[in-house]
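One file, input.csv, carrying CSV, C-alpha atoms:
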chain,number,residue,atom,x,y,z
A,184,MET,CA,96.5,80.0,109.2
A,185,LEU,CA,100.0,78.7,108.4
A,186,LYS,CA,100.4,75.0,107.6
A,187,HIS,CA,102.4,74.3,110.8
A,188,GLU,CA,99.8,76.2,112.9
A,189,ALA,CA,97.0,74.1,111.3
A,190,GLU,CA,98.9,70.9,112.0
A,191,ALA,CA,99.5,72.0,115.6
A,192,ALA,CA,95.7,72.7,116.0
A,193,ASP,CA,94.9,69.3,114.5
A,194,ARG,CA,97.2,67.6,117.0
A,195,VAL,CA,95.9,69.5,120.1
A,196,PHE,CA,92.2,69.0,119.3
A,197,HIS,CA,92.8,65.3,118.4
A,198,ALA,CA,94.6,64.9,121.7
A,199,LEU,CA,91.6,66.4,123.6
A,200,ALA,CA,89.1,64.2,121.8
A,201,ASP,CA,89.6,61.3,124.2
A,202,ALA,CA,88.1,61.0,127.7
A,203,ASN,CA,91.2,59.2,129.1
A,204,ARG,CA,93.5,61.9,127.8
A,205,ARG,CA,91.3,64.7,129.2
A,206,ALA,CA,91.3,62.8,132.5
A,207,VAL,CA,95.1,62.9,132.5
A,208,ILE,CA,95.0,66.7,131.9
A,209,GLU,CA,92.4,67.2,134.6
A,210,ARG,CA,94.6,65.3,137.0
A,211,LEU,CA,97.8,67.1,136.1
A,212,THR,CA,96.2,70.6,136.5
A,213,ARG,CA,96.1,69.7,140.2
A,214,GLY,CA,99.8,68.8,140.3
A,215,PRO,CA,102.5,66.4,138.8
A,216,ALA,CA,102.0,62.6,138.7
A,217,THR,CA,104.0,59.6,137.8
A,218,VAL,CA,103.1,57.3,134.8
A,219,SER,CA,102.1,54.6,137.3
A,220,GLU,CA,99.8,57.0,139.1
A,221,LEU,CA,98.2,58.0,135.9
A,222,ALA,CA,97.8,54.4,134.8
A,223,ALA,CA,96.0,53.6,138.1
A,224,LEU,CA,93.8,56.6,137.6
A,225,LEU,CA,92.7,55.5,134.1
A,226,GLY,CA,92.6,51.8,135.0
A,227,VAL,CA,94.6,51.0,131.9
A,228,THR,CA,98.1,49.4,131.5
A,229,VAL,CA,101.3,51.5,131.8
A,230,ALA,CA,101.9,50.8,128.0
A,231,GLY,CA,98.5,52.2,127.2
A,232,THR,CA,99.1,55.2,129.4
A,233,VAL,CA,102.5,55.9,127.7
A,234,GLN,CA,100.6,55.9,124.3
A,235,HIS,CA,98.2,58.5,125.6
A,236,LEU,CA,101.1,60.5,127.1
A,237,ARG,CA,102.9,60.5,123.7
A,238,VAL,CA,99.9,62.1,122.0
A,239,LEU,CA,99.6,64.6,124.9
A,240,GLN,CA,103.3,65.5,124.7
A,241,ASP,CA,103.3,65.9,120.9
A,242,SER,CA,100.5,68.5,121.2
A,243,GLU,CA,102.3,70.4,124.1
A,244,LEU,CA,99.6,69.5,126.6
A,245,VAL,CA,101.9,67.5,128.9
A,246,ARG,CA,105.6,67.5,129.7
A,247,SER,CA,107.5,64.7,131.3
A,248,GLU,CA,110.9,64.1,132.9
A,249,LYS,CA,112.6,60.8,133.9
A,250,VAL,CA,114.6,60.8,137.1
A,251,GLY,CA,116.1,57.3,137.8
A,252,ARG,CA,113.4,54.9,136.9
A,253,VAL,CA,110.5,57.2,137.6
A,254,ARG,CA,108.9,59.4,134.9
A,255,THR,CA,107.0,62.4,136.3
A,256,CYS,CA,104.4,64.2,134.2
A,257,ARG,CA,103.3,67.8,134.4
A,258,ILE,CA,100.9,70.0,132.6
A,259,ASP,CA,102.2,72.0,129.7
A,260,THR,CA,100.1,75.1,129.3
A,261,ALA,CA,101.2,75.8,125.7
A,262,GLY,CA,98.6,73.4,124.2
A,263,LEU,CA,95.7,74.5,126.4
A,264,ARG,CA,96.4,78.1,125.7
A,265,SER,CA,96.6,77.6,121.9
A,266,ALA,CA,93.3,75.6,121.8
A,267,GLU,CA,91.6,78.2,124.0
A,268,ALA,CA,92.9,81.1,121.9
A,269,TRP,CA,91.5,79.5,118.7
A,270,LEU,CA,88.1,79.1,120.2
A,271,ARG,CA,88.1,82.6,121.8
A,272,ARG,CA,89.0,84.2,118.4
A,273,ARG,CA,86.0,82.4,116.8
A,274,ARG,CA,83.6,83.4,119.6
A,275,THR,CA,84.7,87.1,119.6
A,276,GLU,CA,84.4,87.3,115.8
A,277,TRP,CA,80.9,85.9,116.1
A,278,GLU,CA,80.0,88.3,118.8
A,279,HIS,CA,81.3,91.3,116.8
A,280,ARG,CA,79.1,90.2,113.9
A,281,LEU,CA,76.1,90.1,116.2
A,282,ASP,CA,77.0,93.6,117.5
A,283,ARG,CA,77.2,94.9,113.9
A,284,LEU,CA,73.9,93.3,113.0
A,285,GLY,CA,72.4,94.9,116.2
A,286,ALA,CA,73.7,98.3,115.1
A,287,VAL,CA,72.2,97.9,111.6
A,288,LEU,CA,68.9,96.9,113.2
A,289,ASP,CA,68.9,99.9,115.5
A,290,ASP,CA,69.5,102.3,112.6
A,291,GLN,CA,66.6,100.7,110.7
A,292,THR,CA,64.2,100.9,113.6
A,293,LYS,CA,65.1,104.6,114.3
A,294,GLU,CA,64.6,105.8,110.7
A,295,PRO,CA,60.8,105.8,110.5
A,296,GLY,CA,60.6,108.0,113.5
A,297,SER,CA,63.4,110.5,112.5
B,230,MET,CA,82.1,64.3,134.2
B,231,LEU,CA,78.9,62.5,133.2
B,232,LYS,CA,79.1,60.0,130.4
B,233,HIS,CA,77.0,62.0,128.0
B,234,GLU,CA,79.1,65.1,128.8
B,235,ALA,CA,82.3,63.1,128.1
B,236,GLU,CA,80.8,61.9,124.8
B,237,ALA,CA,79.8,65.4,123.8
B,238,ALA,CA,83.4,66.6,124.6
B,239,ASP,CA,84.8,63.8,122.5
B,240,ARG,CA,82.6,64.8,119.6
B,241,VAL,CA,83.3,68.5,119.7
B,242,PHE,CA,87.1,68.1,120.0
B,243,HIS,CA,87.1,65.5,117.3
B,244,ALA,CA,85.1,67.8,115.0
B,245,LEU,CA,87.7,70.6,115.6
B,246,ALA,CA,90.7,68.3,114.9
B,247,ASP,CA,90.4,68.9,111.1
B,248,ALA,CA,91.6,71.9,109.2
B,249,ASN,CA,88.7,71.8,106.7
B,250,ARG,CA,86.1,71.7,109.5
B,251,ARG,CA,87.8,74.5,111.3
B,252,ALA,CA,87.8,76.5,108.0
B,253,VAL,CA,84.0,76.0,107.8
B,254,ILE,CA,83.6,77.4,111.4
B,255,GLU,CA,85.9,80.3,110.6
B,256,ARG,CA,83.8,81.1,107.6
B,257,LEU,CA,80.5,80.8,109.4
B,258,THR,CA,81.5,83.1,112.3
B,259,ARG,CA,81.5,85.8,109.6
B,260,GLY,CA,77.9,84.9,108.5
B,261,PRO,CA,75.7,82.1,107.0
B,262,ALA,CA,76.8,80.2,103.9
B,263,THR,CA,75.3,77.6,101.5
B,264,VAL,CA,76.7,74.1,101.2
B,265,SER,CA,77.9,75.0,97.7
B,266,GLU,CA,79.7,78.1,99.0
B,267,LEU,CA,81.4,76.0,101.7
B,268,ALA,CA,82.4,73.3,99.1
B,269,ALA,CA,84.0,76.1,96.9
B,270,LEU,CA,85.8,77.5,99.9
B,271,LEU,CA,87.3,74.1,100.9
B,272,GLY,CA,87.9,73.0,97.3
B,273,VAL,CA,86.2,69.7,97.9
B,274,THR,CA,83.1,68.0,96.5
B,275,VAL,CA,79.6,68.8,97.8
B,276,ALA,CA,79.4,65.2,99.1
B,277,GLY,CA,82.7,65.7,101.0
B,278,THR,CA,81.4,69.0,102.5
B,279,VAL,CA,78.2,67.4,103.6
B,280,GLN,CA,80.2,64.7,105.5
B,281,HIS,CA,82.1,67.5,107.3
B,282,LEU,CA,78.9,69.3,108.0
B,283,ARG,CA,77.4,66.2,109.6
B,284,VAL,CA,80.3,66.0,112.0
B,285,LEU,CA,80.0,69.7,112.8
B,286,GLN,CA,76.2,69.4,113.4
B,287,ASP,CA,76.5,66.4,115.6
B,288,SER,CA,78.8,68.4,117.9
B,289,GLU,CA,76.6,71.5,117.9
B,290,LEU,CA,79.2,73.6,116.1
B,291,VAL,CA,77.0,74.2,113.0
B,292,ARG,CA,73.2,74.4,112.4
B,293,SER,CA,71.7,74.1,108.9
B,294,GLU,CA,68.3,74.7,107.3
B,295,LYS,CA,67.0,73.7,103.9
B,296,VAL,CA,64.7,76.1,102.0
B,297,GLY,CA,63.7,74.8,98.6
B,298,ARG,CA,66.8,73.2,97.2
B,299,VAL,CA,69.3,75.3,99.1
B,300,ARG,CA,70.7,74.3,102.5
B,301,THR,CA,72.1,77.3,104.5
B,302,CYS,CA,74.6,76.7,107.3
B,303,ARG,CA,75.0,78.9,110.4
B,304,ILE,CA,77.3,78.8,113.4
B,305,ASP,CA,75.9,77.1,116.5
B,306,THR,CA,77.7,78.6,119.5
B,307,ALA,CA,76.8,75.7,121.8
B,308,GLY,CA,79.7,73.6,120.7
B,309,LEU,CA,82.2,76.5,120.7
B,310,ARG,CA,81.1,77.5,124.2
B,311,SER,CA,81.3,74.0,125.7
B,312,ALA,CA,84.8,73.4,124.3
B,313,GLU,CA,86.0,76.8,125.5
B,314,ALA,CA,84.5,76.2,128.9
B,315,TRP,CA,86.3,72.9,129.4
B,316,LEU,CA,89.7,74.5,128.5
B,317,ARG,CA,89.0,77.5,130.7
B,318,ARG,CA,88.2,75.3,133.7
B,319,ARG,CA,91.5,73.5,133.3
B,320,ARG,CA,93.5,76.7,132.9
B,321,THR,CA,91.9,78.4,135.9
B,322,GLU,CA,92.4,75.2,138.1
B,323,TRP,CA,96.1,75.3,137.0
B,324,GLU,CA,96.4,79.0,137.8
B,325,HIS,CA,94.8,78.6,141.2
B,326,ARG,CA,97.4,75.9,141.9
B,327,LEU,CA,100.2,78.3,140.9
B,328,ASP,CA,98.7,80.9,143.2
B,329,ARG,CA,98.6,78.5,146.2
B,330,LEU,CA,102.2,77.4,145.5
B,331,GLY,CA,103.2,81.1,145.3
B,332,ALA,CA,101.5,81.7,148.7
B,333,VAL,CA,103.4,78.7,150.3
B,334,LEU,CA,106.7,80.0,148.9
B,335,ASP,CA,106.0,83.5,150.2
B,336,ASP,CA,105.3,82.1,153.7
B,337,GLN,CA,108.5,80.1,153.6
B,338,THR,CA,110.7,83.0,152.5
B,339,LYS,CA,109.2,85.3,155.1
B,340,GLU,CA,109.8,82.9,158.0
B,341,PRO,CA,113.5,83.3,158.5
B,342,GLY,CA,113.1,87.1,158.9
B,343,SER,CA,110.1,87.0,161.2

Can you dump the structure from the file as structure tokens?
Amino acid sequence: MLKHEAEAADRVFHALADANRRAVIERLTRGPATVSELAALLGVTVAGTVQHLRVLQDSELVRSEKVGRVRTCRIDTAGLRSAEAWLRRRRTEWEHRLDRLGAVLDDQTKEPGS
Amino acid sequence: MLKHEAEAADRVFHALADANRRAVIERLTRGPATVSELAALLGVTVAGTVQHLRVLQDSELVRSEKVGRVRTCRIDTAGLRSAEAWLRRRRTEWEHRLDRLGAVLDDQTKEPGS
């Protein structure tokens, strides 16, 4: 894995390791929300919410846009997809290993009878 | 999400947010390894490796067993599966939302011609 890829994975998994930040992602998968709406959802200050949003934006899990005085947040699927892809690669590698072990075992159990 | 589920998710994503711990998982998906082998792979001390393994075991990403003086580590798929399931739920929720938006848009573009 290249250094910048490893750093991106560090950031996205770190961002996900917080229940409030995951609550923001869960909310935004159902549609856009303003910073005030997200602060009300979390029951924390706007300043605290902005801190969480910064971590989520740095890891490409959330995008935001300011129109007038209102900042609206949306889901950014890039972060979700990269984290899911890393986990899927590990799981499929593991499953292929089990398949290979199964094949070796099959061959061994067939031998005595052949 | 129940409190213990949220705490489990915190732990598994925190465990994944470190390049050395991800390297251990990548290695173990290809087969079991001893603590010394993992320490050599990471280029860190055995004590440092044990610290990482503790984090990985607490989040059900790794299991280990000591026979005599040798501790052997294996992948524990429970952690990988729960993290992947969380991400997949978010992505599918997001995709369903896009489908619904697409259906609304289709209806609106059909109306003038109907």

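Within 6 Å of chain A, and using all atoms listed in the file, the residues found on chain B are Asp239, Phe242, His243, Ala246, Asp247, Thr258, Glu313 and Trp323 of chain B.
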
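CA of Val207 (chain A) lies 14.5 Å from CA of Asp241 (chain A).
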
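Computed from the coordinates, the CA of Pro215 (chain A) to CA of Thr255 (chain A) distance equals 6.5 Å.
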
Within 6 Å of region 217-226 of chain A, counting only C-alpha atoms, which residues qualify if same-chain residues fewer than 5 places away don't, as number ranges by chain?
A: 232, 254-256

Correct to one decimal, the distance CA of Arg204 (chain A)-CA of His235 (chain A) is 6.2 Å

Using only C-alpha atoms, the shortest atom-to-atom distance to Gln286 (chain B) among B:Ala262, B:Ala307, B:Ala332, B:Leu231 belongs to B:Ala307
